[in-house]
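Trainee: PDB, C-alpha atoms, saved as protein06.pdb, coming up:
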```
ATOM      1  CA  MET A  57     -20.732 -92.713   6.019
ATOM      2  CA  LYS A  58     -16.961 -92.887   6.020
ATOM      3  CA  ARG A  59     -14.680 -95.708   7.124
ATOM      4  CA  CYS A  60     -11.346 -95.299   8.853
ATOM      5  CA  GLY A  61      -9.760 -98.635   9.597
ATOM      6  CA  SER A  62     -12.287-100.653  11.613
ATOM      7  CA  HIS A  63     -14.346 -97.564  12.512
ATOM      8  CA  THR A  64     -17.306 -96.078  10.666
ATOM      9  CA  PHE A  65     -18.109 -92.379  10.952
ATOM     10  CA  LEU A  66     -21.215 -90.439   9.998
ATOM     11  CA  ALA A  67     -20.254 -87.315   8.082
ATOM     12  CA  VAL A  68     -22.414 -84.192   8.466
ATOM     13  CA  PRO A  69     -23.003 -82.365   5.163
ATOM     14  CA  PRO A  70     -20.629 -79.385   5.217
ATOM     15  CA  LYS A  71     -23.086 -76.685   4.165
ATOM     16  CA  LEU A  72     -26.608 -75.839   5.246
ATOM     17  CA  THR A  73     -29.243 -75.853   2.515
ATOM     18  CA  ASP A  74     -31.017 -72.503   2.221
ATOM     19  CA  GLY A  75     -33.868 -72.398   4.720
ATOM     20  CA  GLU A  76     -33.269 -75.881   6.113
ATOM     21  CA  HIS A  77     -33.474 -76.101   9.881
ATOM     22  CA  ALA A  78     -30.110 -76.876  11.501
ATOM     23  CA  ALA A  79     -31.546 -79.868  13.391
ATOM     24  CA  ARG A  80     -32.597 -81.523  10.149
ATOM     25  CA  HIS A  81     -29.220 -80.767   8.573
ATOM     26  CA  LEU A  82     -27.348 -82.365  11.477
ATOM     27  CA  ALA A  83     -29.656 -85.398  11.481
ATOM     28  CA  ARG A  84     -29.329 -86.137   7.761
ATOM     29  CA  PRO A  85     -26.360 -88.544   8.094
ATOM     30  CA  LEU A  86     -28.592 -90.789  10.223
ATOM     31  CA  GLU A  87     -30.697 -91.489   7.138
ATOM     32  CA  ALA A  88     -27.910 -93.810   5.991
ATOM     33  CA  LEU A  89     -28.847 -95.961   8.981
ATOM     34  CA  GLY A  90     -32.550 -95.849   8.150
ATOM     35  CA  LEU A  91     -33.296 -93.254  10.837
ATOM     36  CA  HIS A  92     -35.352 -90.161  10.009
ATOM     37  CA  LEU A  93     -36.016 -87.055  12.102
ATOM     38  CA  GLN A  94     -39.781 -86.658  12.418
ATOM     39  CA  ASP A  95     -39.832 -83.583  14.673
ATOM     40  CA  ALA A  96     -37.100 -80.946  14.855
ATOM     41  CA  ALA A  97     -38.432 -79.547  18.145
ATOM     42  CA  ALA A  98     -36.256 -80.470  21.123
ATOM     43  CA  ARG A  99     -37.865 -81.235  24.492
ATOM     44  CA  ILE A 100     -36.431 -81.141  28.003
ATOM     45  CA  TYR A 101     -38.075 -82.513  31.154
ATOM     46  CA  PRO A 102     -36.459 -81.206  34.367
ATOM     47  CA  ASN A 103     -36.212 -83.584  37.302
ATOM     48  CA  GLU A 104     -37.881 -82.895  40.634
ATOM     49  CA  LYS A 105     -34.665 -81.766  42.327
ATOM     50  CA  ASP A 106     -34.101 -79.061  39.709
ATOM     51  CA  ARG A 107     -37.760 -78.023  39.895
ATOM     52  CA  GLU A 108     -37.438 -77.654  43.666
ATOM     53  CA  PHE A 109     -34.519 -75.271  43.115
ATOM     54  CA  ALA A 110     -36.677 -73.231  40.719
ATOM     55  CA  ARG A 111     -39.562 -73.066  43.204
ATOM     56  CA  LYS A 112     -37.240 -71.742  45.908
ATOM     57  CA  PHE A 113     -35.652 -69.235  43.522
ATOM     58  CA  LEU A 114     -39.076 -67.879  42.497
ATOM     59  CA  ARG A 115     -41.024 -68.374  45.712
ATOM     60  CA  ASP A 116     -41.620 -64.734  46.717
ATOM     61  CA  LEU A 117     -42.317 -63.431  43.209
ATOM     62  CA  LYS A 118     -46.076 -62.970  43.175
ATOM     63  CA  ASN A 119     -46.809 -62.120  39.567
ATOM     64  CA  ARG A 120     -46.224 -64.083  36.375
ATOM     65  CA  VAL A 121     -42.511 -64.210  35.748
ATOM     66  CA  ILE A 122     -40.822 -63.008  32.584
ATOM     67  CA  VAL A 123     -37.283 -64.254  32.006
ATOM     68  CA  LEU A 124     -34.882 -62.093  29.998
ATOM     69  CA  HIS A 125     -31.615 -63.296  28.494
ATOM     70  CA  PRO A 126     -29.896 -60.170  27.108
ATOM     71  CA  GLY A 127     -26.883 -62.015  25.640
ATOM     72  CA  SER A 128     -26.089 -64.529  22.927
ATOM     73  CA  GLY A 129     -22.336 -64.931  22.787
ATOM     74  CA  SER A 130     -22.147 -62.639  19.750
ATOM     75  CA  ASP A 131     -22.529 -58.851  19.816
ATOM     76  CA  ARG A 132     -24.068 -58.770  16.352
ATOM     77  CA  LYS A 133     -26.932 -61.003  17.529
ATOM     78  CA  ASN A 134     -27.619 -58.874  20.632
ATOM     79  CA  TRP A 135     -30.412 -56.328  20.951
ATOM     80  CA  PRO A 136     -28.916 -53.028  22.223
ATOM     81  CA  ILE A 137     -28.743 -52.926  26.014
ATOM     82  CA  GLU A 138     -30.723 -49.678  26.093
ATOM     83  CA  ASN A 139     -33.642 -51.477  24.436
ATOM     84  CA  TRP A 140     -33.495 -54.165  27.126
ATOM     85  CA  ARG A 141     -33.548 -51.430  29.749
ATOM     86  CA  GLN A 142     -36.619 -49.840  28.164
ATOM     87  CA  LEU A 143     -38.386 -53.181  27.912
ATOM     88  CA  GLY A 144     -37.734 -53.854  31.586
ATOM     89  CA  GLU A 145     -39.132 -50.479  32.610
ATOM     90  CA  HIS A 146     -42.335 -51.231  30.676
ATOM     91  CA  LEU A 147     -42.607 -54.627  32.376
ATOM     92  CA  PHE A 148     -42.062 -53.186  35.860
ATOM     93  CA  ALA A 149     -44.722 -50.551  35.168
ATOM     94  CA  THR A 150     -47.260 -53.329  34.533
ATOM     95  CA  GLY A 151     -46.325 -55.127  37.753
ATOM     96  CA  ARG A 152     -44.337 -57.934  36.157
ATOM     97  CA  ALA A 153     -41.602 -59.814  37.961
ATOM     98  CA  VAL A 154     -38.418 -60.154  35.921
ATOM     99  CA  ILE A 155     -35.591 -62.681  36.013
ATOM    100  CA  VAL A 156     -32.377 -61.892  34.120
ATOM    101  CA  VAL A 157     -30.232 -64.901  33.256
ATOM    102  CA  SER A 158     -26.611 -64.559  32.252
ATOM    103  CA  GLY A 159     -23.398 -66.484  31.796
ATOM    104  CA  GLU A 160     -19.790 -65.345  31.685
ATOM    105  CA  ALA A 161     -20.158 -63.890  28.185
ATOM    106  CA  ASP A 162     -23.167 -61.806  29.298
ATOM    107  CA  GLU A 163     -21.781 -60.437  32.550
ATOM    108  CA  GLU A 164     -21.187 -56.867  31.397
ATOM    109  CA  ARG A 165     -24.714 -56.607  29.982
ATOM    110  CA  ALA A 166     -26.203 -58.062  33.173
ATOM    111  CA  ARG A 167     -24.164 -55.622  35.274
ATOM    112  CA  LEU A 168     -25.526 -52.649  33.308
ATOM    113  CA  LEU A 169     -29.116 -53.812  33.807
ATOM    114  CA  GLU A 170     -28.545 -54.457  37.503
ATOM    115  CA  ALA A 171     -27.286 -50.891  37.929
ATOM    116  CA  ALA A 172     -30.264 -49.480  35.991
ATOM    117  CA  TRP A 173     -32.902 -51.516  37.850
ATOM    118  CA  LYS A 174     -31.937 -51.063  41.492
ATOM    119  CA  GLY A 175     -35.032 -51.343  43.698
ATOM    120  CA  LYS A 176     -37.116 -52.983  40.963
ATOM    121  CA  GLN A 177     -38.829 -56.383  41.111
ATOM    122  CA  VAL A 178     -35.950 -58.166  39.379
ATOM    123  CA  ARG A 179     -33.704 -61.087  40.238
ATOM    124  CA  PHE A 180     -30.452 -62.075  38.534
ATOM    125  CA  ALA A 181     -29.582 -65.717  37.846
ATOM    126  CA  ARG A 182     -25.874 -65.834  37.047
ATOM    127  CA  ASN A 183     -23.909 -68.812  35.766
ATOM    128  CA  LEU A 184     -26.484 -71.436  36.733
ATOM    129  CA  PRO A 185     -25.972 -75.024  35.539
ATOM    130  CA  LEU A 186     -28.096 -75.712  32.474
ATOM    131  CA  PRO A 187     -30.458 -78.221  34.197
ATOM    132  CA  LEU A 188     -31.327 -75.582  36.818
ATOM    133  CA  LEU A 189     -31.893 -72.977  34.114
ATOM    134  CA  ALA A 190     -34.252 -75.336  32.316
ATOM    135  CA  ALA A 191     -36.314 -75.804  35.471
ATOM    136  CA  LEU A 192     -36.334 -72.045  36.055
ATOM    137  CA  PHE A 193     -37.761 -71.464  32.564
ATOM    138  CA  GLU A 194     -40.796 -73.726  33.023
ATOM    139  CA  ASN A 195     -44.123 -71.854  33.137
ATOM    140  CA  THR A 196     -42.557 -68.511  32.255
ATOM    141  CA  ILE A 197     -42.430 -66.123  29.344
ATOM    142  CA  PHE A 198     -38.883 -66.028  27.961
ATOM    143  CA  VAL A 199     -37.379 -63.233  25.866
ATOM    144  CA  GLY A 200     -34.004 -63.800  24.241
ATOM    145  CA  HIS A 201     -31.913 -63.888  21.089
ATOM    146  CA  ASP A 202     -30.569 -66.504  18.699
ATOM    147  CA  SER A 203     -28.747 -68.526  21.370
ATOM    148  CA  GLY A 204     -28.442 -71.936  22.967
ATOM    149  CA  ILE A 205     -30.209 -70.622  26.065
ATOM    150  CA  SER A 206     -33.257 -69.794  23.937
ATOM    151  CA  HIS A 207     -33.325 -73.388  22.697
ATOM    152  CA  ILE A 208     -33.346 -74.627  26.298
ATOM    153  CA  ALA A 209     -36.244 -72.296  27.160
ATOM    154  CA  ALA A 210     -38.230 -73.481  24.135
ATOM    155  CA  ALA A 211     -37.502 -77.141  24.853
ATOM    156  CA  VAL A 212     -38.774 -76.893  28.428
ATOM    157  CA  GLY A 213     -42.036 -75.273  27.287
ATOM    158  CA  ALA A 214     -41.536 -71.596  28.095
ATOM    159  CA  ARG A 215     -43.544 -69.220  25.924
ATOM    160  CA  CYS A 216     -40.669 -67.722  23.937
ATOM    161  CA  VAL A 217     -40.330 -64.369  22.200
ATOM    162  CA  LEU A 218     -37.036 -64.467  20.317
ATOM    163  CA  LEU A 219     -35.356 -61.477  18.699
ATOM    164  CA  PHE A 220     -33.470 -62.280  15.503
ATOM    165  CA  GLY A 221     -31.198 -59.927  13.594
ATOM    166  CA  PRO A 222     -28.645 -61.076  11.014
ATOM    167  CA  THR A 223     -29.207 -64.827  11.396
ATOM    168  CA  ASP A 224     -31.996 -66.772   9.699
ATOM    169  CA  PRO A 225     -34.710 -67.978  12.112
ATOM    170  CA  ARG A 226     -35.827 -70.621   9.593
ATOM    171  CA  VAL A 227     -32.472 -72.301  10.250
ATOM    172  CA  TRP A 228     -31.580 -71.336  13.810
ATOM    173  CA  ALA A 229     -34.785 -70.665  15.764
ATOM    174  CA  PRO A 230     -36.163 -73.469  17.968
ATOM    175  CA  ALA A 231     -38.749 -75.487  16.053
ATOM    176  CA  ASN A 232     -41.131 -75.678  19.035
ATOM    177  CA  GLU A 233     -44.714 -74.425  18.689
ATOM    178  CA  ASN A 234     -44.348 -72.189  21.765
ATOM    179  CA  VAL A 235     -41.856 -69.916  19.971
ATOM    180  CA  ARG A 236     -42.638 -66.527  18.452
ATOM    181  CA  VAL A 237     -39.823 -64.939  16.435
ATOM    182  CA  ILE A 238     -39.516 -61.200  15.862
ATOM    183  CA  ARG A 239     -37.200 -60.447  12.943
ATOM    184  CA  ALA A 240     -35.471 -57.070  13.126
ATOM    185  CA  PRO A 241     -35.982 -54.759  10.121
ATOM    186  CA  GLY A 242     -33.233 -55.465   7.602
ATOM    187  CA  GLY A 243     -31.646 -57.828  10.101
ATOM    188  CA  ASN A 244     -30.561 -54.823  12.205
ATOM    189  CA  LEU A 245     -31.506 -55.311  15.860
ATOM    190  CA  GLY A 246     -30.843 -51.637  16.524
ATOM    191  CA  LEU A 247     -33.999 -50.870  14.515
ATOM    192  CA  LEU A 248     -36.236 -53.099  16.655
ATOM    193  CA  ALA A 249     -38.225 -50.937  19.081
ATOM    194  CA  ALA A 250     -38.939 -51.949  22.656
ATOM    195  CA  ASP A 251     -42.662 -51.124  22.435
ATOM    196  CA  GLY A 252     -43.072 -53.549  19.524
ATOM    197  CA  VAL A 253     -41.476 -56.358  21.534
ATOM    198  CA  LEU A 254     -43.651 -55.507  24.538
ATOM    199  CA  ALA A 255     -46.778 -55.714  22.363
ATOM    200  CA  VAL A 256     -45.864 -59.264  21.327
ATOM    201  CA  ILE A 257     -45.203 -60.253  24.955
ATOM    202  CA  GLU A 258     -48.573 -58.885  26.046
ATOM    203  CA  ARG A 259     -50.354 -60.875  23.347
TER
END
```
Translate this structure into structure tokens?

Mentor:
Amino acid sequence: MKRCGSHTFLAVPPKLTDGEHAARHLARPLEALGLHLQDAAARIYPNEKDREFARKFLRDLKNRVIVLHPGSGSDRKNWPIENWRQLGEHLFATGRAVIVVSGEADEERARLLEAAWKGKQVRFARNLPLPLLAALFENTIFVGHDSGISHIAAAVGARCVLLFGPTDPRVWAPANENVRVIRAPGGNLGLLAADGVLAVIER
């Protein structure tokens, strides 16, 4: 803890310890107050209004929904867009319904998929408020990267398949039990094949 005049501040340690989950790192200053993080897994419980939005958004999709988030806010953490296109084609061939979520940083990637998947069983959820996204993720399979959106999906209970490249999933992946991480060979997402990701989703 640090004092500045009459105020007391909790200082976060400046550097992550190798392999330590980020949630535990950020919570460590609380130990000075006698508080200890027992579970690093975040949990979100959507309210009924947000769940009603999700039901309306999904109401005419008959098969189990798979949600794809092809962005992350950082190009180096993104699986190549062609791999996302291939994965989608595999999913459509098995009769899956697909939702693509995107924000402003993902718009170009979403636009490319929308052009490639015209006439397919796919719906695009653009720039939704985070509480609505959380409700949309409930009871789905979610496929994404190392991103804040993936943490929301994990926290709301979606069965998550997360694709990690150069970043360390021991530190940055959601700590929830419903998360399966696929680490790209050598940290290079360009070397991660679509059929391998599909096999994990099917399991």

Trainee: Counting only C-alpha atoms, what are the residues of stretch 203-244 of chain A within 12 Å of stretch 124-137 of chain A, and for each of them which pair of atoms is the nearest and at what distance in Å, to one decimal? Sort the table by chain and rising number, as CSV.

Mentor:
```
residue,atom,partner,partner_atom,distance
A:Ser203,CA,A:Ser128,CA,5.0
A:Gly204,CA,A:Ser128,CA,7.8
A:Ile205,CA,A:His125,CA,7.8
A:Ser206,CA,A:His125,CA,8.1
A:His207,CA,A:Ser128,CA,11.4
A:Ile208,CA,A:His125,CA,11.7
A:Ala209,CA,A:His125,CA,10.2
A:Ala214,CA,A:Leu124,CA,11.8
A:Arg215,CA,A:Leu124,CA,11.9
A:Cys216,CA,A:Leu124,CA,10.1
A:Val217,CA,A:Leu124,CA,9.8
A:Leu218,CA,A:His125,CA,9.9
A:Leu219,CA,A:Trp135,CA,7.5
A:Phe220,CA,A:Lys133,CA,7.0
A:Gly221,CA,A:Lys133,CA,5.9
A:Pro222,CA,A:Lys133,CA,6.7
A:Thr223,CA,A:Lys133,CA,7.6
A:Asp224,CA,A:Lys133,CA,11.0
A:Pro225,CA,A:Lys133,CA,11.8
A:Trp228,CA,A:Lys133,CA,11.9
A:Ile238,CA,A:Trp135,CA,11.5
A:Arg239,CA,A:Lys133,CA,11.3
A:Ala240,CA,A:Trp135,CA,9.3
A:Gly243,CA,A:Lys133,CA,9.4
A:Asn244,CA,A:Arg132,CA,8.7
```

Trainee: Given 3 Å of margin on each side, can you work out the centre and size in Å (one decimal) of an axis-aligned box holding every listed atom of stretch 172-191 of chain A, as JSON?

Mentor:
```
{"center_x": -31.4, "center_y": -63.9, "center_z": 38.0, "size_x": 20.9, "size_y": 34.7, "size_z": 17.4}
```

Trainee: Run the PyMOL selection byres ((chain A and resi 151-161) around 10) on the file and write out the hits as JSON, numbers by chain.

Mentor: {"A": [113, 114, 117, 118, 119, 120, 121, 122, 123, 124, 125, 126, 127, 128, 129, 130, 144, 145, 146, 147, 148, 149, 150, 162, 163, 164, 165, 166, 167, 169, 170, 176, 177, 178, 179, 180, 181, 182, 183, 184, 185, 189, 192, 193, 196, 197, 198, 199, 200, 205]}

Trainee: In Å, rounded to a single decimal, give me how far atom CA of A:Arg141 is from atom CA of A:Ala172.

Mentor: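 Distance between the two atoms: 7.3 Å.
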
Trainee: Check which residues of stretch 116-232 of chain A sit at most 9 Å from stretch 101-105 of chain A using all atoms listed in the file, and return one row each with the closest pair of atoms and their distance in Å to one decimal, ordered by chain and rising number, as a tab-separated table.

Mentor:
```
residue	atom	partner	partner_atom	distance
A:Pro187	CA	A:Pro102	CA	6.7
A:Leu188	CA	A:Pro102	CA	8.0
A:Ala190	CA	A:Pro102	CA	6.6
A:Ala191	CA	A:Pro102	CA	5.5
A:Glu194	CA	A:Pro102	CA	8.8
A:Ala211	CA	A:Tyr101	CA	8.3
A:Val212	CA	A:Tyr101	CA	6.3
```

Trainee: Out of A:Gly246, A:Asp202, A:Ile100, A:Asp251, which residue has the shortest atom-to-atom distance to A:Val227 when counting all atoms listed in the file?

Mentor: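 Ranked by minimum distance to A:Val227, first place goes to A:Asp202.
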
Trainee: Quick one: distance from atom CA of A:Leu186 to atom CA of A:Ala97 in Å, one decimal?

Mentor: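 Going from atom CA of A:Leu186 over to atom CA of A:Ala97, I get 18.1 Å.
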